[in-house]
file start.pdb (PDB, C-alpha atoms)
ATOM      1  CA  MET E   1     116.151 134.533 121.799  1.00  0.00           C
ATOM      2  CA  GLN E   2     116.967 131.995 119.097  1.00  0.00           C
ATOM      3  CA  LYS E   3     114.402 132.345 116.302  1.00  0.00           C
ATOM      4  CA  ILE E   4     115.878 130.214 113.492  1.00  0.00           C
ATOM      5  CA  TYR E   5     114.641 126.620 113.111  1.00  0.00           C
ATOM      6  CA  ASP E   6     115.778 123.844 110.793  1.00  0.00           C
ATOM      7  CA  ASP E   7     112.496 123.296 108.941  1.00  0.00           C
ATOM      8  CA  ALA E   8     108.758 123.939 108.974  1.00  0.00           C
ATOM      9  CA  ASP E   9     107.913 120.941 111.153  1.00  0.00           C
ATOM     10  CA  ALA E  10     110.408 122.028 113.807  1.00  0.00           C
ATOM     11  CA  ALA E  11     109.194 125.631 113.678  1.00  0.00           C
ATOM     12  CA  LEU E  12     105.589 124.562 114.322  1.00  0.00           C
ATOM     13  CA  ASP E  13     106.429 122.015 116.990  1.00  0.00           C
ATOM     14  CA  GLY E  14     104.334 122.601 120.102  1.00  0.00           C
ATOM     15  CA  LEU E  15     102.200 125.318 118.485  1.00  0.00           C
ATOM     16  CA  LEU E  16      99.506 123.336 116.674  1.00  0.00           C
ATOM     17  CA  ARG E  17      96.244 122.025 118.086  1.00  0.00           C
ATOM     18  CA  ASP E  18      92.731 121.317 116.862  1.00  0.00           C
ATOM     19  CA  ASP E  19      90.255 124.195 116.444  1.00  0.00           C
ATOM     20  CA  MET E  20      92.861 126.934 116.106  1.00  0.00           C
ATOM     21  CA  LEU E  21      92.374 130.274 114.371  1.00  0.00           C
ATOM     22  CA  ILE E  22      95.299 130.743 111.981  1.00  0.00           C
ATOM     23  CA  ALA E  23      96.063 133.945 110.055  1.00  0.00           C
ATOM     24  CA  ALA E  24      97.842 133.113 106.792  1.00  0.00           C
ATOM     25  CA  GLY E  25      99.571 135.499 104.421  1.00  0.00           C
ATOM     26  CA  GLY E  26      99.329 135.426 100.658  1.00  0.00           C
ATOM     27  CA  PHE E  27      97.738 137.397  97.841  1.00  0.00           C
ATOM     28  CA  GLY E  28      96.614 135.268  94.926  1.00  0.00           C
ATOM     29  CA  LEU E  29      99.539 132.877  94.528  1.00  0.00           C
ATOM     30  CA  CYS E  30     102.061 135.457  95.793  1.00  0.00           C
ATOM     31  CA  GLY E  31     103.563 135.142  99.247  1.00  0.00           C
ATOM     32  CA  ILE E  32     101.795 131.953 100.293  1.00  0.00           C
ATOM     33  CA  PRO E  33     103.536 130.235 103.275  1.00  0.00           C
ATOM     34  CA  GLU E  34     103.577 126.935 101.392  1.00  0.00           C
ATOM     35  CA  LEU E  35     106.159 125.122 103.545  1.00  0.00           C
ATOM     36  CA  LEU E  36     104.303 125.867 106.775  1.00  0.00           C
ATOM     37  CA  LEU E  37     100.956 124.882 105.254  1.00  0.00           C
ATOM     38  CA  ALA E  38     102.447 121.567 104.133  1.00  0.00           C
ATOM     39  CA  ALA E  39     103.706 120.996 107.679  1.00  0.00           C
ATOM     40  CA  ILE E  40     100.226 121.701 109.063  1.00  0.00           C
ATOM     41  CA  GLU E  41      98.836 119.106 106.673  1.00  0.00           C
ATOM     42  CA  ARG E  42     101.365 116.549 107.931  1.00  0.00           C
ATOM     43  CA  SER E  43     100.443 117.337 111.548  1.00  0.00           C
ATOM     44  CA  LYS E  44      96.843 116.141 110.979  1.00  0.00           C
ATOM     45  CA  VAL E  45      95.359 118.819 113.276  1.00  0.00           C
ATOM     46  CA  GLY E  46      91.747 119.577 112.370  1.00  0.00           C
ATOM     47  CA  GLY E  47      88.797 121.875 112.855  1.00  0.00           C
ATOM     48  CA  LEU E  48      90.925 124.838 111.749  1.00  0.00           C
ATOM     49  CA  THR E  49      89.692 128.333 110.980  1.00  0.00           C
ATOM     50  CA  PHE E  50      91.803 130.344 108.538  1.00  0.00           C
ATOM     51  CA  ALA E  51      91.789 134.113 108.154  1.00  0.00           C
ATOM     52  CA  SER E  52      93.326 134.594 104.729  1.00  0.00           C
ATOM     53  CA  ASN E  53      92.788 136.688 101.638  1.00  0.00           C
ATOM     54  CA  ASN E  54      92.240 133.487  99.645  1.00  0.00           C
ATOM     55  CA  ALA E  55      91.948 129.723  99.957  1.00  0.00           C
ATOM     56  CA  GLY E  56      94.748 128.847  97.572  1.00  0.00           C
ATOM     57  CA  VAL E  57      94.071 126.526  94.648  1.00  0.00           C
ATOM     58  CA  ASP E  58      93.238 122.833  94.670  1.00  0.00           C
ATOM     59  CA  ASP E  59      96.824 121.587  95.013  1.00  0.00           C
ATOM     60  CA  PHE E  60      98.568 124.555  96.608  1.00  0.00           C
ATOM     61  CA  GLY E  61      98.291 126.793  99.648  1.00  0.00           C
ATOM     62  CA  ILE E  62      95.304 126.335 101.935  1.00  0.00           C
ATOM     63  CA  GLY E  63      93.803 124.232  99.159  1.00  0.00           C
ATOM     64  CA  ILE E  64      95.775 121.199 100.367  1.00  0.00           C
ATOM     65  CA  LEU E  65      94.189 121.535 103.812  1.00  0.00           C
ATOM     66  CA  LEU E  66      90.728 121.791 102.300  1.00  0.00           C
ATOM     67  CA  ALA E  67      91.447 118.583 100.388  1.00  0.00           C
ATOM     68  CA  SER E  68      92.555 116.844 103.610  1.00  0.00           C
ATOM     69  CA  ARG E  69      89.440 118.143 105.381  1.00  0.00           C
ATOM     70  CA  GLN E  70      91.399 119.912 108.130  1.00  0.00           C
ATOM     71  CA  VAL E  71      89.615 123.270 107.664  1.00  0.00           C
ATOM     72  CA  LYS E  72      86.169 123.953 109.100  1.00  0.00           C
ATOM     73  CA  LYS E  73      85.904 127.701 108.388  1.00  0.00           C
ATOM     74  CA  MET E  74      87.383 130.297 106.044  1.00  0.00           C
ATOM     75  CA  MET E  75      87.433 134.042 106.710  1.00  0.00           C
ATOM     76  CA  SER E  76      88.331 135.320 103.253  1.00  0.00           C
ATOM     77  CA  SER E  77      87.872 137.877 100.493  1.00  0.00           C
ATOM     78  CA  TYR E  78      88.584 135.924  97.318  1.00  0.00           C
ATOM     79  CA  VAL E  79      87.963 132.190  96.959  1.00  0.00           C
ATOM     80  CA  GLY E  80      87.866 131.632  93.196  1.00  0.00           C
ATOM     81  CA  GLU E  81      89.802 128.969  91.268  1.00  0.00           C
ATOM     82  CA  ASN E  82      89.377 126.310  93.946  1.00  0.00           C
ATOM     83  CA  ALA E  83      86.966 123.545  92.937  1.00  0.00           C
ATOM     84  CA  GLU E  84      87.166 121.724  96.288  1.00  0.00           C
ATOM     85  CA  PHE E  85      86.358 124.932  98.171  1.00  0.00           C
ATOM     86  CA  MET E  86      83.330 125.434  95.935  1.00  0.00           C
ATOM     87  CA  ARG E  87      82.153 121.866  96.453  1.00  0.00           C
ATOM     88  CA  GLN E  88      82.470 121.994 100.239  1.00  0.00           C
ATOM     89  CA  PHE E  89      80.753 125.397 100.411  1.00  0.00           C
ATOM     90  CA  ILE E  90      77.823 124.339  98.217  1.00  0.00           C
ATOM     91  CA  GLU E  91      77.413 121.080 100.145  1.00  0.00           C
ATOM     92  CA  GLY E  92      77.410 122.928 103.473  1.00  0.00           C
ATOM     93  CA  GLU E  93      80.592 121.229 104.650  1.00  0.00           C
ATOM     94  CA  LEU E  94      82.589 124.448 105.038  1.00  0.00           C
ATOM     95  CA  GLU E  95      81.659 127.602 106.930  1.00  0.00           C
ATOM     96  CA  VAL E  96      82.597 130.783 105.084  1.00  0.00           C
ATOM     97  CA  GLU E  97      82.766 134.343 106.399  1.00  0.00           C
ATOM     98  CA  PHE E  98      83.255 136.699 103.473  1.00  0.00           C
ATOM     99  CA  ASN E  99      85.033 139.990 104.131  1.00  0.00           C
ATOM    100  CA  PRO E 100      85.696 142.941 101.841  1.00  0.00           C
ATOM    101  CA  GLN E 101      89.393 142.783 101.062  1.00  0.00           C
ATOM    102  CA  GLY E 102      90.370 146.033 102.765  1.00  0.00           C
ATOM    103  CA  THR E 103      88.206 145.218 105.761  1.00  0.00           C
ATOM    104  CA  LEU E 104      89.915 141.861 106.243  1.00  0.00           C
ATOM    105  CA  ALA E 105      93.366 143.439 106.071  1.00  0.00           C
ATOM    106  CA  GLU E 106      92.340 146.126 108.568  1.00  0.00           C
ATOM    107  CA  ARG E 107      90.765 143.549 110.901  1.00  0.00           C
ATOM    108  CA  MET E 108      94.136 141.774 111.032  1.00  0.00           C
ATOM    109  CA  ARG E 109      96.086 144.993 111.473  1.00  0.00           C
ATOM    110  CA  ALA E 110      93.702 146.182 114.172  1.00  0.00           C
ATOM    111  CA  GLY E 111      94.030 142.914 116.081  1.00  0.00           C
ATOM    112  CA  GLY E 112      97.803 143.255 115.986  1.00  0.00           C
ATOM    113  CA  ALA E 113      97.598 146.860 117.189  1.00  0.00           C
ATOM    114  CA  GLY E 114      95.384 145.978 120.146  1.00  0.00           C
ATOM    115  CA  ILE E 115      92.280 147.579 118.635  1.00  0.00           C
ATOM    116  CA  ALA E 116      89.160 145.579 119.490  1.00  0.00           C
ATOM    117  CA  GLY E 117      87.048 146.989 116.659  1.00  0.00           C
ATOM    118  CA  PHE E 118      86.607 149.826 114.185  1.00  0.00           C
ATOM    119  CA  TYR E 119      83.865 151.422 112.109  1.00  0.00           C
ATOM    120  CA  THR E 120      83.918 151.381 108.303  1.00  0.00           C
ATOM    121  CA  LYS E 121      81.517 152.408 105.531  1.00  0.00           C
ATOM    122  CA  THR E 122      82.425 149.352 103.475  1.00  0.00           C
ATOM    123  CA  GLY E 123      79.587 146.843 103.419  1.00  0.00           C
ATOM    124  CA  VAL E 124      76.878 149.114 104.819  1.00  0.00           C
ATOM    125  CA  GLY E 125      73.498 148.169 103.372  1.00  0.00           C
ATOM    126  CA  THR E 126      74.710 144.743 102.203  1.00  0.00           C
ATOM    127  CA  GLN E 127      74.814 141.223 103.654  1.00  0.00           C
ATOM    128  CA  ILE E 128      78.232 142.095 105.100  1.00  0.00           C
ATOM    129  CA  ALA E 129      76.537 144.362 107.660  1.00  0.00           C
ATOM    130  CA  GLU E 130      73.779 141.954 108.697  1.00  0.00           C
ATOM    131  CA  GLY E 131      73.768 141.358 112.456  1.00  0.00           C
ATOM    132  CA  LYS E 132      76.507 143.933 113.081  1.00  0.00           C
ATOM    133  CA  GLU E 133      76.287 147.172 115.028  1.00  0.00           C
ATOM    134  CA  THR E 134      76.061 150.364 112.985  1.00  0.00           C
ATOM    135  CA  LYS E 135      76.615 153.975 113.996  1.00  0.00           C
ATOM    136  CA  GLU E 136      76.220 157.409 112.450  1.00  0.00           C
ATOM    137  CA  PHE E 137      79.256 159.666 111.969  1.00  0.00           C
ATOM    138  CA  ASP E 138      78.823 163.065 110.296  1.00  0.00           C
ATOM    139  CA  GLY E 139      75.492 161.974 108.865  1.00  0.00           C
ATOM    140  CA  GLU E 140      76.773 158.734 107.334  1.00  0.00           C
ATOM    141  CA  THR E 141      76.346 155.131 108.472  1.00  0.00           C
ATOM    142  CA  TYR E 142      79.295 152.956 109.444  1.00  0.00           C
ATOM    143  CA  VAL E 143      79.399 149.283 110.442  1.00  0.00           C
ATOM    144  CA  LEU E 144      81.426 147.905 113.347  1.00  0.00           C
ATOM    145  CA  GLU E 145      84.057 145.295 112.440  1.00  0.00           C
ATOM    146  CA  ARG E 146      86.022 143.340 115.030  1.00  0.00           C
ATOM    147  CA  GLY E 147      89.799 143.082 115.055  1.00  0.00           C
ATOM    148  CA  ILE E 148      91.212 139.597 114.464  1.00  0.00           C
ATOM    149  CA  LYS E 149      93.480 138.019 117.065  1.00  0.00           C
ATOM    150  CA  ALA E 150      94.762 134.708 115.726  1.00  0.00           C
ATOM    151  CA  ASP E 151      96.253 131.860 117.755  1.00  0.00           C
ATOM    152  CA  LEU E 152      98.966 131.526 115.116  1.00  0.00           C
ATOM    153  CA  ALA E 153     100.188 133.547 112.151  1.00  0.00           C
ATOM    154  CA  ILE E 154     102.055 131.922 109.251  1.00  0.00           C
ATOM    155  CA  VAL E 155     103.625 134.163 106.616  1.00  0.00           C
ATOM    156  CA  LYS E 156     106.196 134.161 103.829  1.00  0.00           C
ATOM    157  CA  ALA E 157     108.788 136.883 103.299  1.00  0.00           C
ATOM    158  CA  TRP E 158     111.619 137.388 100.838  1.00  0.00           C
ATOM    159  CA  LYS E 159     114.451 138.114 103.278  1.00  0.00           C
ATOM    160  CA  ALA E 160     114.960 138.121 107.024  1.00  0.00           C
ATOM    161  CA  ASP E 161     117.869 138.847 109.276  1.00  0.00           C
ATOM    162  CA  GLU E 162     118.667 136.624 112.236  1.00  0.00           C
ATOM    163  CA  THR E 163     116.472 138.673 114.579  1.00  0.00           C
ATOM    164  CA  GLY E 164     113.404 138.316 112.330  1.00  0.00           C
ATOM    165  CA  ASN E 165     113.291 141.716 110.635  1.00  0.00           C
ATOM    166  CA  LEU E 166     111.469 141.061 107.341  1.00  0.00           C
ATOM    167  CA  VAL E 167     111.516 142.339 103.770  1.00  0.00           C
ATOM    168  CA  PHE E 168     108.764 141.347 101.327  1.00  0.00           C
ATOM    169  CA  ARG E 169     108.708 141.380  97.543  1.00  0.00           C
ATOM    170  CA  LYS E 170     106.073 143.504  95.831  1.00  0.00           C
ATOM    171  CA  THR E 171     102.515 142.036  95.925  1.00  0.00           C
ATOM    172  CA  ALA E 172     103.509 139.400  98.492  1.00  0.00           C
ATOM    173  CA  ARG E 173     103.619 142.195 101.064  1.00  0.00           C
ATOM    174  CA  ASN E 174      99.868 142.905 100.900  1.00  0.00           C
ATOM    175  CA  PHE E 175      98.416 140.465 103.444  1.00  0.00           C
ATOM    176  CA  ASN E 176     101.565 139.010 104.998  1.00  0.00           C
ATOM    177  CA  VAL E 177     102.283 142.083 107.117  1.00  0.00           C
ATOM    178  CA  PRO E 178      98.841 142.375 108.798  1.00  0.00           C
ATOM    179  CA  ALA E 179      98.621 138.585 109.151  1.00  0.00           C
ATOM    180  CA  ALA E 180     101.959 138.517 110.949  1.00  0.00           C
ATOM    181  CA  MET E 181     100.884 141.295 113.293  1.00  0.00           C
ATOM    182  CA  CYS E 182      97.675 139.642 114.511  1.00  0.00           C
ATOM    183  CA  GLY E 183      99.069 136.265 115.585  1.00  0.00           C
ATOM    184  CA  LYS E 184      99.831 135.496 119.229  1.00  0.00           C
ATOM    185  CA  THR E 185     102.729 133.514 117.768  1.00  0.00           C
ATOM    186  CA  CYS E 186     104.148 134.297 114.322  1.00  0.00           C
ATOM    187  CA  VAL E 187     106.122 131.755 112.276  1.00  0.00           C
ATOM    188  CA  VAL E 188     107.785 132.948 109.077  1.00  0.00           C
ATOM    189  CA  GLU E 189     109.338 131.203 106.091  1.00  0.00           C
ATOM    190  CA  VAL E 190     111.784 133.132 103.902  1.00  0.00           C
ATOM    191  CA  GLU E 191     113.897 132.609 100.829  1.00  0.00           C
ATOM    192  CA  GLU E 192     117.038 133.952 102.496  1.00  0.00           C
ATOM    193  CA  ILE E 193     118.285 134.686 106.022  1.00  0.00           C
ATOM    194  CA  VAL E 194     121.033 137.306 106.167  1.00  0.00           C
ATOM    195  CA  PRO E 195     123.248 138.414 109.071  1.00  0.00           C
ATOM    196  CA  THR E 196     121.847 140.884 111.579  1.00  0.00           C
ATOM    197  CA  GLY E 197     122.690 144.439 110.556  1.00  0.00           C
ATOM    198  CA  SER E 198     122.928 143.738 106.822  1.00  0.00           C
ATOM    199  CA  LEU E 199     119.418 144.978 106.008  1.00  0.00           C
ATOM    200  CA  ASP E 200     118.831 148.685 105.454  1.00  0.00           C
ATOM    201  CA  PRO E 201     116.642 149.756 108.419  1.00  0.00           C
ATOM    202  CA  ASP E 202     114.610 152.005 106.104  1.00  0.00           C
ATOM    203  CA  GLN E 203     113.740 149.014 103.889  1.00  0.00           C
ATOM    204  CA  ILE E 204     112.396 146.720 106.640  1.00  0.00           C
ATOM    205  CA  HIS E 205     108.659 146.105 106.199  1.00  0.00           C
ATOM    206  CA  LEU E 206     108.002 144.267 109.474  1.00  0.00           C
ATOM    207  CA  PRO E 207     110.117 144.552 112.629  1.00  0.00           C
ATOM    208  CA  GLY E 208     111.453 141.365 114.177  1.00  0.00           C
ATOM    209  CA  VAL E 209     109.505 142.012 117.392  1.00  0.00           C
ATOM    210  CA  PHE E 210     106.483 140.443 115.657  1.00  0.00           C
ATOM    211  CA  VAL E 211     108.394 137.307 114.590  1.00  0.00           C
ATOM    212  CA  HIS E 212     108.860 134.367 116.972  1.00  0.00           C
ATOM    213  CA  ARG E 213     110.159 131.576 114.722  1.00  0.00           C
ATOM    214  CA  LEU E 214     111.882 131.591 111.364  1.00  0.00           C
ATOM    215  CA  ILE E 215     112.900 129.106 108.653  1.00  0.00           C
ATOM    216  CA  GLN E 216     114.636 129.342 105.290  1.00  0.00           C
ATOM    217  CA  GLY E 217     113.506 127.120 102.438  1.00  0.00           C
ATOM    218  CA  GLU E 218     113.031 126.503  98.730  1.00  0.00           C
ATOM    219  CA  HIS E 219     109.781 127.782  97.242  1.00  0.00           C
ATOM    220  CA  GLU E 220     107.761 127.308  94.089  1.00  0.00           C
ATOM    221  CA  LYS E 221     107.486 130.221  91.656  1.00  0.00           C
ATOM    222  CA  ARG E 222     103.924 129.867  90.447  1.00  0.00           C
ATOM    223  CA  ILE E 223     102.226 132.166  87.964  1.00  0.00           C
ATOM    224  CA  GLU E 224      98.537 132.706  88.651  1.00  0.00           C
ATOM    225  CA  LYS E 225      97.533 133.577  85.099  1.00  0.00           C
ATOM    226  CA  THR E 226      99.716 132.877  82.070  1.00  0.00           C
ATOM    227  CA  THR E 227      98.907 135.203  79.194  1.00  0.00           C
ATOM    228  CA  THR E 228     100.655 134.795  75.856  1.00  0.00           C
ATOM    229  CA  ARG E 229     100.383 136.517  72.501  1.00  0.00           C
ATOM    230  CA  LYS E 230      99.526 134.509  69.413  1.00  0.00           C
ATOM    231  CA  LYS E 231     102.440 134.020  67.073  1.00  0.00           C
ATOM    232  CA  GLU E 232     102.197 136.351  64.110  1.00  0.00           C
ATOM    233  CA  GLU E 233     102.222 134.682  60.727  1.00  0.00           C
ATOM    234  CA  ALA E 234     105.031 135.636  58.438  1.00  0.00           C
TER     235      ALA E 234
END
call {"tool": "encode", "arguments": {"input": "start.pdb", "output": "structure tokens"}}
result
Amino acid sequence: MQKIYDDADAALDGLLRDDMLIAAGGFGLCGIPELLLAAIERSKVGGLTFASNNAGVDDFGIGILLASRQVKKMMSSYVGENAEFMRQFIEGELEVEFNPQGTLAERMRAGGAGIAGFYTKTGVGTQIAEGKETKEFDGETYVLERGIKADLAIVKAWKADETGNLVFRKTARNFNVPAAMCGKTCVVEVEEIVPTGSLDPDQIHLPGVFVHRLIQGEHEKRIEKTTTRKKEEA
């Protein structure tokens, strides 16, 4: 099976449609599948629901799709630093389903593992648990959370071999792995594609069986927060 495509537009060809549920990797500004998100913007599909740790910033990541009004719902944990997200949410133009960060990651992982739902203590007694089934285990209350099965997963990795085995860099690994697992189809962008067999099997973070399409591209190296020390006077 040939998995390598020339660019993001080619890799998404035939996969996009209105009203899709898309799982997107990324943690802060790390590991955002920026090339694939830009291709989705160019496609003009709309009514999208995104399951993602964050909504990017105003001019980067999912933020560009919020600006183009292609997103109708966000399933997220952290949505700060995005003025357009805030405006749409306050004005009632965007549906938001907040998830505790670990719960969202586990919902993705569970969906990819074929687990329909799981019980967790996180969120019990808060708005997170409203309308959800609860159950007692060993005298403590747990809330039922559903696994996420996305129509499409888009992720960014550091390296891939030609069969789609992936290696991530540090924090970028956090949400990209579960996002990749829960998509019916998974499209990945990487900084480098290496020959099959050149990656150490013990260092592979996601097996190629989860990856359907693959591109290599140039990526921005953004810093989320720049902190500098004041220059000391002589």
call {"tool": "resolve_selection", "arguments": {"input": "start.pdb", "expression": "the PyMOL selection byres ((chain E and resi 145) around 9)", "output": "compact mmCIF listing (two decimals) with C-alpha atoms, in the frame of the given file"}}
result
# COMPACT_ATOMS: atom_id res chain seq x y z
CA THR E 103 88.21 145.22 105.76
CA ARG E 107 90.76 143.55 110.90
CA ALA E 116 89.16 145.58 119.49
CA GLY E 117 87.05 146.99 116.66
CA PHE E 118 86.61 149.83 114.18
CA TYR E 119 83.86 151.42 112.11
CA THR E 120 83.92 151.38 108.30
CA ALA E 129 76.54 144.36 107.66
CA LYS E 132 76.51 143.93 113.08
CA GLU E 133 76.29 147.17 115.03
CA VAL E 143 79.40 149.28 110.44
CA LEU E 144 81.43 147.90 113.35
CA ARG E 146 86.02 143.34 115.03
CA GLY E 147 89.80 143.08 115.06
call {"tool": "residues_around", "arguments": {"input": "start.pdb", "residues": "Met75 (chain E)", "least_positions_apart": "5", "cutoff": "10 Å", "atoms": "all atoms listed in the file", "output": "PyMOL selection string"}}
result
chain E and resi 21+23+49-55+95-99+104
call {"tool": "write_last_selection", "arguments": {"input": "start.pdb", "atoms": "C-alpha atoms", "output": "short mmCIF file (atom, residue, chain, number, x, y, z; two decimals), in the frame of the given file"}}
result
data_model
loop_
_atom_site.label_atom_id
_atom_site.label_comp_id
_atom_site.auth_asym_id
_atom_site.auth_seq_id
_atom_site.Cartn_x
_atom_site.Cartn_y
_atom_site.Cartn_z
CA LEU E 21 92.37 130.27 114.37
CA ALA E 23 96.06 133.94 110.06
CA THR E 49 89.69 128.33 110.98
CA PHE E 50 91.80 130.34 108.54
CA ALA E 51 91.79 134.11 108.15
CA SER E 52 93.33 134.59 104.73
CA ASN E 53 92.79 136.69 101.64
CA ASN E 54 92.24 133.49 99.64
CA ALA E 55 91.95 129.72 99.96
CA GLU E 95 81.66 127.60 106.93
CA VAL E 96 82.60 130.78 105.08
CA GLU E 97 82.77 134.34 106.40
CA PHE E 98 83.26 136.70 103.47
CA ASN E 99 85.03 139.99 104.13
CA LEU E 104 89.92 141.86 106.24
#
call {"tool": "residues_around", "arguments": {"input": "start.pdb", "residues": "Ser68 (chain E)", "least_positions_apart": "2", "cutoff": "10 Å", "atoms": "all atoms listed in the file", "output": "list in words"}}
result
Glu41, Arg42, Lys44, Gly46, Gly63, Ile64, Leu65, Leu66, Gln70 and Val71 of chain E
call {"tool": "write_last_selection", "arguments": {"input": "start.pdb", "atoms": "C-alpha atoms", "output": "PDB file, in the coordinates of the input"}}
result
ATOM      1  CA  GLU E  41      98.836 119.106 106.673  1.00  0.00           C
ATOM      2  CA  ARG E  42     101.365 116.549 107.931  1.00  0.00           C
ATOM      3  CA  LYS E  44      96.843 116.141 110.979  1.00  0.00           C
ATOM      4  CA  GLY E  46      91.747 119.577 112.370  1.00  0.00           C
ATOM      5  CA  GLY E  63      93.803 124.232  99.159  1.00  0.00           C
ATOM      6  CA  ILE E  64      95.775 121.199 100.367  1.00  0.00           C
ATOM      7  CA  LEU E  65      94.189 121.535 103.812  1.00  0.00           C
ATOM      8  CA  LEU E  66      90.728 121.791 102.300  1.00  0.00           C
ATOM      9  CA  GLN E  70      91.399 119.912 108.130  1.00  0.00           C
ATOM     10  CA  VAL E  71      89.615 123.270 107.664  1.00  0.00           C
TER      11      VAL E  71
END
call {"tool": "atom_distance", "arguments": {"input": "start.pdb", "atom1": "CA of Ala157 (chain E)", "atom2": "CA of Phe175 (chain E)"}}
result
11.0 Å
call {"tool": "atom_distance", "arguments": {"input": "start.pdb", "atom1": "CA of Arg222 (chain E)", "atom2": "CA of Leu29 (chain E)"}}
result
6.7 Å
call {"tool": "resolve_selection", "arguments": {"input": "start.pdb", "expression": "the PyMOL selection byres ((chain E and resi 32) around 10)", "output": "list in words"}}
result
Ala24, Gly25, Gly26, Phe27, Gly28, Leu29, Cys30, Gly31, Pro33, Glu34, Leu35, Leu36, Leu37, Ser52, Asn54, Gly56, Phe60, Gly61, Ile62, Ile154, Val155, Lys156, Ala157, Ala172, Phe175, Asn176, Glu189, His219 and Glu220 of chain E
call {"tool": "residues_around", "arguments": {"input": "start.pdb", "residues": "Tyr5 (chain E)", "least_positions_apart": "5", "cutoff": "9 Å", "atoms": "only C-alpha atoms", "output": "count of residues only"}}
result
6
call {"tool": "build_atoms", "arguments": {"input": "start.pdb", "residues": "region 11-16 of chain E", "atoms": "all heavy atoms", "output": "compact mmCIF listing (two decimals), keeping the file's coordinate frame"}}
result
# COMPACT_ATOMS: atom_id res chain seq x y z
N ALA E 11 109.65 124.29 113.32
CA ALA E 11 109.19 125.63 113.68
C ALA E 11 107.78 125.62 114.24
O ALA E 11 107.41 126.49 115.04
CB ALA E 11 109.26 126.55 112.47
N LEU E 12 106.97 124.64 113.84
CA LEU E 12 105.59 124.56 114.32
C LEU E 12 105.42 123.61 115.50
O LEU E 12 104.33 123.49 116.06
CB LEU E 12 104.66 124.12 113.19
CG LEU E 12 104.47 125.13 112.05
CD1 LEU E 12 103.69 124.50 110.91
CD2 LEU E 12 103.78 126.39 112.54
N ASP E 13 106.50 122.98 115.90
CA ASP E 13 106.43 122.02 116.99
C ASP E 13 105.93 122.68 118.27
O ASP E 13 106.44 123.71 118.70
CB ASP E 13 107.81 121.40 117.24
CG ASP E 13 107.77 120.31 118.30
OD1 ASP E 13 106.83 119.51 118.29
OD2 ASP E 13 108.69 120.28 119.15
N GLY E 14 104.88 122.09 118.86
CA GLY E 14 104.33 122.60 120.10
C GLY E 14 103.34 123.73 119.95
O GLY E 14 102.76 124.19 120.94
N LEU E 15 103.10 124.19 118.71
CA LEU E 15 102.20 125.32 118.48
C LEU E 15 100.83 124.90 117.96
O LEU E 15 99.87 125.66 118.10
CB LEU E 15 102.82 126.30 117.48
CG LEU E 15 104.15 126.94 117.88
CD1 LEU E 15 104.62 127.88 116.75
CD2 LEU E 15 104.03 127.71 119.19
N LEU E 16 100.73 123.73 117.36
CA LEU E 16 99.51 123.34 116.67
C LEU E 16 98.57 122.55 117.58
O LEU E 16 99.00 121.74 118.40
CB LEU E 16 99.85 122.50 115.44
CG LEU E 16 100.70 123.19 114.36
CD1 LEU E 16 101.05 122.21 113.26
CD2 LEU E 16 99.97 124.41 113.80
